[in-house]
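**Q** For reference, the file upload_13.tsv (TSV, C-alpha atoms) is included below:
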chain	number	residue	atom	x	y	z
H	1	MET	CA	102.12	111.75	89.80
H	2	GLN	CA	105.41	113.41	90.65
H	3	THR	CA	106.66	114.22	94.10
H	4	LYS	CA	106.25	117.94	94.82
H	5	ILE	CA	109.37	119.72	96.03
H	6	PHE	CA	109.40	123.02	97.90
H	7	THR	CA	112.57	125.06	98.37
H	8	VAL	CA	112.23	127.12	101.54
H	9	ALA	CA	113.38	130.72	101.17
H	10	MET	CA	112.46	132.22	104.54
H	11	VAL	CA	115.09	133.59	106.91
H	12	ALA	CA	113.76	132.24	110.18
H	13	LEU	CA	114.39	129.57	112.76
H	14	VAL	CA	111.57	127.04	112.89
H	15	LEU	CA	111.22	123.99	115.11
H	16	VAL	CA	110.25	121.01	112.93
H	17	GLY	CA	110.03	117.43	114.14
H	18	GLY	CA	112.22	118.08	117.18
H	19	TRP	CA	115.09	119.92	115.49
H	20	THR	CA	115.62	123.48	114.34
H	21	ILE	CA	115.92	124.30	110.65
H	22	ALA	CA	117.65	127.51	109.63
H	23	ARG	CA	115.47	128.18	106.63
H	24	GLY	CA	117.08	130.14	103.87
H	25	LEU	CA	120.37	130.40	105.74
H	26	SER	CA	123.60	129.06	104.27
H	27	HIS	CA	125.73	126.67	106.26
H	28	GLY	CA	129.18	127.17	104.78
H	29	ASP	CA	131.76	124.50	105.48
H	30	GLU	CA	134.22	122.32	103.60
H	31	TYR	CA	131.35	120.49	101.90
H	32	GLY	CA	129.66	123.62	100.59
H	33	ASP	CA	126.47	125.42	101.58
H	34	LEU	CA	123.52	123.49	102.97
H	35	GLU	CA	119.93	124.24	102.03
H	36	VAL	CA	116.54	123.07	103.27
H	37	ARG	CA	113.84	121.58	101.05
H	38	THR	CA	110.49	119.99	101.81
H	39	TYR	CA	109.24	117.13	99.64
H	40	GLN	CA	105.51	116.45	99.44
H	41	LEU	CA	104.77	112.73	99.06
H	42	GLU	CA	101.80	111.46	97.06
H	43	TYR	CA	101.81	107.68	97.57
H	44	LEU	CA	104.96	106.67	99.43
H	45	GLU	CA	104.65	106.50	103.21
H	46	PRO	CA	106.93	109.05	104.97
H	47	GLU	CA	108.62	106.34	107.03
H	48	ALA	CA	109.48	104.34	103.92
H	49	ALA	CA	110.64	107.48	102.10
H	50	HIS	CA	112.88	108.34	105.05
H	51	ARG	CA	114.59	104.96	104.81
H	52	ILE	CA	115.09	105.36	101.07
H	53	ILE	CA	116.80	108.75	101.26
H	54	ASP	CA	118.75	108.12	104.46
H	55	PRO	CA	121.96	107.16	102.57
H	56	TYR	CA	121.94	110.59	100.91
H	57	VAL	CA	121.87	112.60	104.15
H	58	PHE	CA	125.21	113.08	105.97
H	59	GLY	CA	124.87	114.07	109.59
H	60	ASP	CA	128.59	114.71	110.02
H	61	ARG	CA	128.27	117.80	107.84
H	62	GLY	CA	124.98	119.01	109.25
H	63	GLY	CA	122.56	117.04	107.08
H	64	MET	CA	119.20	116.32	108.73
H	65	VAL	CA	115.77	114.88	107.94
H	66	SER	CA	112.43	115.73	109.54
H	67	ARG	CA	109.44	113.52	108.79
H	68	GLY	CA	105.89	114.81	108.75
H	69	ASP	CA	103.67	111.75	109.04
H	70	GLN	CA	100.44	113.75	109.17
H	71	THR	CA	101.35	116.09	106.32
H	72	ARG	CA	103.09	113.34	104.29
H	73	THR	CA	106.25	115.40	103.91
H	74	LEU	CA	109.99	115.07	104.34
H	75	THR	CA	112.06	118.14	105.14
H	76	VAL	CA	115.75	117.68	104.39
H	77	ARG	CA	118.82	119.81	105.02
H	78	GLU	CA	121.68	118.97	102.67
H	79	THR	CA	123.80	120.40	99.87
H	80	PRO	CA	121.87	121.58	96.78
H	81	GLU	CA	123.41	118.80	94.70
H	82	MET	CA	122.35	116.13	97.18
H	83	LEU	CA	118.87	117.64	97.50
H	84	ASP	CA	118.50	117.36	93.72
H	85	ARG	CA	119.50	113.68	93.91
H	86	ILE	CA	117.03	113.08	96.75
H	87	GLY	CA	114.28	114.64	94.65
H	88	GLU	CA	115.05	112.31	91.74
H	89	VAL	CA	115.12	109.25	94.02
H	90	LEU	CA	111.75	110.12	95.53
H	91	LYS	CA	110.29	110.73	92.08
H	92	ARG	CA	111.21	107.16	91.10
H	93	TYR	CA	109.65	105.60	94.19
H	94	ASP	CA	106.69	107.87	94.94
H	95	LEU	CA	104.30	106.14	92.54
H	96	VAL	CA	100.95	104.46	92.94
H	97	ASP	CA	101.28	100.69	93.35
H	98	PRO	CA	100.71	98.90	90.04
H	99	SER	CA	97.68	96.65	89.92
H	100	VAL	CA	96.58	93.90	87.57
H	101	ASN	CA	93.32	92.57	86.19
H	102	LEU	CA	93.17	88.78	86.20
H	103	HIS	CA	90.61	87.54	83.65
H	104	PHE	CA	89.94	83.88	84.47
H	105	ARG	CA	88.05	81.51	82.18
H	106	LEU	CA	86.91	78.05	83.19
H	107	VAL	CA	86.46	75.65	80.28
H	108	GLU	CA	85.14	72.09	80.11
H	109	ALA	CA	86.76	69.89	77.45
H	110	ASN	CA	85.19	66.73	76.00
H	111	GLY	CA	82.12	67.41	78.07
H	112	GLY	CA	79.54	68.64	75.62
H	113	ALA	CA	78.88	70.18	72.26
H	114	ALA	CA	81.67	72.15	70.62
H	115	SER	CA	81.42	75.88	71.15
H	116	ASP	CA	81.99	78.59	68.57
H	117	ASP	CA	82.87	81.09	71.29
H	118	PRO	CA	86.18	82.71	70.18
H	119	ARG	CA	87.33	82.85	73.81
H	120	VAL	CA	87.21	79.06	73.90
H	121	GLU	CA	89.02	78.80	70.55
H	122	GLU	CA	91.81	80.97	71.95
H	123	ILE	CA	92.27	78.60	74.87
H	124	ALA	CA	92.21	75.54	72.63
H	125	GLU	CA	94.92	77.05	70.46
H	126	ALA	CA	97.05	77.78	73.52
H	127	LEU	CA	97.08	74.11	74.58
H	128	PRO	CA	99.96	71.96	73.25
H	129	GLN	CA	98.20	69.73	70.72
H	130	ASP	CA	100.64	66.86	71.13
H	131	VAL	CA	99.64	66.58	74.81
H	132	PHE	CA	95.96	67.53	74.89
H	133	LYS	CA	93.73	65.92	72.26
H	134	PHE	CA	90.30	67.18	73.29
H	135	GLN	CA	87.46	67.05	70.79
H	136	ASN	CA	85.41	70.01	72.00
H	137	TYR	CA	85.45	72.88	74.46
H	138	SER	CA	82.75	74.79	76.29
H	139	LEU	CA	83.15	77.95	78.34
H	140	ILE	CA	81.32	77.27	81.61
H	141	GLY	CA	82.39	80.25	83.71
H	142	GLU	CA	84.56	83.35	83.89
H	143	THR	CA	85.44	86.13	86.31
H	144	VAL	CA	87.73	89.15	86.56
H	145	MET	CA	89.63	90.04	89.74
H	146	THR	CA	91.83	93.05	90.40
H	147	GLY	CA	94.72	93.13	92.86
H	148	ILE	CA	98.03	94.76	93.71
H	149	GLU	CA	101.43	93.31	94.58
H	150	TRP	CA	101.54	90.90	97.51
H	151	SER	CA	97.77	90.62	97.78
H	152	GLY	CA	95.41	87.66	97.91
H	153	LEU	CA	92.18	87.34	95.93
H	154	ALA	CA	89.29	84.88	95.90
H	155	GLN	CA	86.17	84.63	93.77
H	156	GLY	CA	83.37	82.10	93.37
H	157	VAL	CA	82.08	81.00	89.97
H	158	SER	CA	78.86	79.03	89.41
H	159	ALA	CA	79.29	76.69	86.45
H	160	GLY	CA	77.89	73.39	85.23
H	161	GLY	CA	75.73	72.88	88.31
H	162	ASP	CA	78.68	73.28	90.67
H	163	ARG	CA	80.23	76.14	92.60
H	164	TYR	CA	83.92	76.70	91.86
H	165	HIS	CA	86.35	78.89	93.75
H	166	ILE	CA	89.41	80.57	92.26
H	167	GLU	CA	92.08	81.77	94.69
H	168	ALA	CA	95.03	83.86	93.54
H	169	SER	CA	98.06	85.10	95.44
H	170	ILE	CA	99.84	87.92	93.59
H	171	GLY	CA	103.58	88.30	94.11
H	172	GLU	CA	105.97	90.66	92.35
H	173	ILE	CA	104.61	92.79	89.51
H	174	ARG	CA	107.44	93.77	87.18
H	175	GLU	CA	106.95	96.46	84.55
H	176	THR	CA	109.13	96.60	81.42
H	177	ALA	CA	109.06	98.40	78.09
H	178	GLU	CA	107.61	95.23	76.57
H	179	GLY	CA	104.82	94.99	79.15
H	180	GLY	CA	106.15	93.09	82.15
H	181	SER	CA	105.25	90.01	84.16
H	182	VAL	CA	103.41	88.94	87.30
H	183	LYS	CA	104.36	86.15	89.70
H	184	MET	CA	101.35	84.44	91.20
H	185	GLU	CA	99.94	81.24	92.65
H	186	VAL	CA	96.46	80.09	91.65
H	187	SER	CA	94.21	77.40	93.11
H	188	LEU	CA	91.00	75.94	91.71
H	189	LEU	CA	88.52	74.39	94.15
H	190	SER	CA	84.87	73.40	94.10
H	191	ASP	CA	82.13	72.68	96.60
H	192	THR	CA	81.70	69.17	95.14
H	193	TYR	CA	85.27	68.03	94.48
H	194	GLY	CA	87.24	70.11	96.95
H	195	HIS	CA	90.79	71.02	95.91
H	196	ILE	CA	91.24	70.45	92.15
H	197	PHE	CA	94.70	71.86	91.45
H	198	ARG	CA	97.20	74.52	92.47
H	199	THR	CA	99.98	76.05	90.36
H	200	ALA	CA	102.59	78.81	90.41
H	201	VAL	CA	103.32	80.82	87.28
H	202	ASN	CA	105.25	83.85	86.05
H	203	ALA	CA	102.61	85.26	83.68
H	204	GLN	CA	103.51	87.71	80.94
H	205	ILE	CA	101.35	90.84	80.79
H	206	GLY	CA	98.80	90.60	77.98
H	207	GLN	CA	99.31	86.91	77.23
H	208	LEU	CA	96.81	84.11	77.69
H	209	ILE	CA	98.13	81.49	80.13
H	210	VAL	CA	96.59	78.03	80.53
H	211	LEU	CA	97.16	77.36	84.22
H	212	GLY	CA	96.21	73.71	84.31
H	213	SER	CA	93.65	71.01	83.70
H	214	ALA	CA	92.11	68.22	85.74
H	215	GLN	CA	89.26	65.72	85.58
H	216	PRO	CA	87.86	65.49	89.10
H	217	ASP	CA	84.78	63.56	87.89
H	218	PRO	CA	85.46	60.65	85.50
H	219	ASN	CA	81.91	60.94	84.19
H	220	ARG	CA	82.41	64.52	83.07
H	221	GLY	CA	84.85	66.35	80.86
H	222	ALA	CA	88.19	67.82	81.92
H	223	LEU	CA	88.31	71.25	83.51
H	224	ILE	CA	90.74	73.82	82.11
H	225	LEU	CA	91.53	77.11	83.86
H	226	ALA	CA	93.12	79.93	81.86
H	227	VAL	CA	93.95	83.55	82.71
H	228	ARG	CA	94.95	86.72	80.92
H	229	VAL	CA	96.80	89.34	82.98
H	230	ASP	CA	96.45	93.05	82.17
H	231	LEU	CA	98.39	95.81	83.90
H	232	VAL	CA	96.36	98.80	85.11
H	233	ARG	CA	97.17	102.00	86.97
Here is the file; what I need is its structure written in the form of structure tokens.
**A**
Amino acid sequence: MQTKIFTVAMVALVLVGGWTIARGLSHGDEYGDLEVRTYQLEYLEPEAAHRIIDPYVFGDRGGMVSRGDQTRTLTVRETPEMLDRIGEVLKRYDLVDPSVNLHFRLVEANGGAASDDPRVEEIAEALPQDVFKFQNYSLIGETVMTGIEWSGLAQGVSAGGDRYHIEASIGEIRETAEGGSVKMEVSLLSDTYGHIFRTAVNAQIGQLIVLGSAQPDPNRGALILAVRVDLVR
């Protein structure tokens, strides 16, 4: 959604946020006329928006900013050219935080009969064959978690007679024309074996990533944790 901008065209003196705005009046000086506009924010907090536009407001020529925390607005007095620039800056930043779906799959390798599940085949193909020489794969659990930048997630998965726990810490989410990437740290734990492994990865949006493998029980097959990251709005 785009930031809504209102150009005030009333000839009146109004007290806003502790200072008086001459609405609709021109302030002629060597820098040109000053105008007053109010910007309605959709997602960006007024305090953060104030910090972002502060470099574009020059007090030495009469520029001012009034913040409406309750109404989620910024009212700015500046030159028309600078007000246009402020509007474009706010439009770039006043966006809903991107979020991601993390589709985790827990697979056991060399632990049972081979599975024809295509989701398991996809994981097997993603493993470097010169390093991992497993004979069969079985999907034993999966879960989907959704989070935003700089958030932490945790989910339990019952699989193979044990209770596993997947913890994810999401860092920067970067969007590009090709899709983007997500920085995150992921841990796999279980009630029986405790901490199994922890890894940090820069996952590409839309790609399957094999996060790691471990064999906490020598009498059972190896555990493989994979994730696919999808960007959502």
**Q** Interatomic distance between CA of Asn110 in chain H and CA of Ala222 in chain H?
**A** 6.7 Å
**Q** Quick one, how far is CA of Gly179 in chain H from CA of Ile53 in chain H?
**A**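 So the answer is 28.7 Å.
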**Q** Any idea what's packed within 12 Å of range 135-140 of chain H, counting all atoms listed in the file, ignoring anything in its chain fewer than 3 positions away? Could you give it as a PDB file with C-alpha atoms, in the frame of the given file?
**A**
ATOM      1  CA  PHE H 104      89.940  83.880  84.470  1.00  0.00           C
ATOM      2  CA  ARG H 105      88.050  81.510  82.180  1.00  0.00           C
ATOM      3  CA  LEU H 106      86.910  78.050  83.190  1.00  0.00           C
ATOM      4  CA  VAL H 107      86.460  75.650  80.280  1.00  0.00           C
ATOM      5  CA  GLU H 108      85.140  72.090  80.110  1.00  0.00           C
ATOM      6  CA  ALA H 109      86.760  69.890  77.450  1.00  0.00           C
ATOM      7  CA  ASN H 110      85.190  66.730  76.000  1.00  0.00           C
ATOM      8  CA  GLY H 111      82.120  67.410  78.070  1.00  0.00           C
ATOM      9  CA  GLY H 112      79.540  68.640  75.620  1.00  0.00           C
ATOM     10  CA  ALA H 113      78.880  70.180  72.260  1.00  0.00           C
ATOM     11  CA  ALA H 114      81.670  72.150  70.620  1.00  0.00           C
ATOM     12  CA  SER H 115      81.420  75.880  71.150  1.00  0.00           C
ATOM     13  CA  ASP H 116      81.990  78.590  68.570  1.00  0.00           C
ATOM     14  CA  ASP H 117      82.870  81.090  71.290  1.00  0.00           C
ATOM     15  CA  PRO H 118      86.180  82.710  70.180  1.00  0.00           C
ATOM     16  CA  ARG H 119      87.330  82.850  73.810  1.00  0.00           C
ATOM     17  CA  VAL H 120      87.210  79.060  73.900  1.00  0.00           C
ATOM     18  CA  GLU H 121      89.020  78.800  70.550  1.00  0.00           C
ATOM     19  CA  GLU H 122      91.810  80.970  71.950  1.00  0.00           C
ATOM     20  CA  ILE H 123      92.270  78.600  74.870  1.00  0.00           C
ATOM     21  CA  ALA H 124      92.210  75.540  72.630  1.00  0.00           C
ATOM     22  CA  GLU H 125      94.920  77.050  70.460  1.00  0.00           C
ATOM     23  CA  LEU H 127      97.080  74.110  74.580  1.00  0.00           C
ATOM     24  CA  GLN H 129      98.200  69.730  70.720  1.00  0.00           C
ATOM     25  CA  PHE H 132      95.960  67.530  74.890  1.00  0.00           C
ATOM     26  CA  THR H 143      85.440  86.130  86.310  1.00  0.00           C
ATOM     27  CA  VAL H 157      82.080  81.000  89.970  1.00  0.00           C
ATOM     28  CA  SER H 158      78.860  79.030  89.410  1.00  0.00           C
ATOM     29  CA  ALA H 159      79.290  76.690  86.450  1.00  0.00           C
ATOM     30  CA  GLY H 160      77.890  73.390  85.230  1.00  0.00           C
ATOM     31  CA  GLY H 161      75.730  72.880  88.310  1.00  0.00           C
ATOM     32  CA  ASP H 162      78.680  73.280  90.670  1.00  0.00           C
ATOM     33  CA  ARG H 163      80.230  76.140  92.600  1.00  0.00           C
ATOM     34  CA  TYR H 164      83.920  76.700  91.860  1.00  0.00           C
ATOM     35  CA  GLY H 221      84.850  66.350  80.860  1.00  0.00           C
ATOM     36  CA  ALA H 222      88.190  67.820  81.920  1.00  0.00           C
ATOM     37  CA  LEU H 223      88.310  71.250  83.510  1.00  0.00           C
ATOM     38  CA  ILE H 224      90.740  73.820  82.110  1.00  0.00           C
ATOM     39  CA  LEU H 225      91.530  77.110  83.860  1.00  0.00           C
ATOM     40  CA  ALA H 226      93.120  79.930  81.860  1.00  0.00           C
TER      41      ALA H 226
END
**Q** Give me the residues near range 60-67 of chain H as a list in words, where near means some atom within 6 Å (using all atoms listed in the file) and where sequence neighbours in that chain fewer than 5 positions away do not count.
**A**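 Residues meeting the cut-off are Gly17, Leu74, Thr75, Val76, Arg77 and Glu78 of chain H.
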**Q** Counting all atoms listed in the file, note down every residue that has an atom within 9 Å of the point (102.6, 86.9, 94.2) (file coordinates), as a ChimeraX atom specification.
**A** /H:149-152,168-173,182-185,200
**Q** Need to verify the contact set: Ile166 in chain H, 8 Å, all atoms listed in the file, exclusion of same-chain residues closer than 3 positions in sequence. Can you return it as a PyMOL selection string?
**A** chain H and resi 154-157+186-189
**Q** Just to confirm, what's the straight-line distance from CA of Asp97 in chain H to CA of Leu44 in chain H in Å (one decimal)?
**A**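 Interatomic distance, CA of Asp97 in chain H to CA of Leu44 in chain H: 9.3 Å.
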**Q** Considering all atoms listed in the file, state which residue in the set H:Thr71, H:Ser190, H:Thr38, H:Ser181 is at the smallest distance from Ala203 in chain H.
**A**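 The shortest atom-to-atom distance to Ala203 in chain H comes from H:Ser181.
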**Q** Which residue out of H:Glu88, H:Asp94, H:Asp33, H:Glu175 has the minimum interatomic distance to Pro46 in chain H when only C-alpha atoms are used?
**A**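 The shortest atom-to-atom distance to Pro46 in chain H comes from H:Asp94.
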**Q** Identify which of the residues H:Thr192, H:Thr73, H:Asn202, H:Asn101 lies closest to Asp230 in chain H, counting only C-alpha atoms when measuring atom-to-atom distances.
**A**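 Ranked by minimum distance to Asp230 in chain H, first place goes to H:Asn101.
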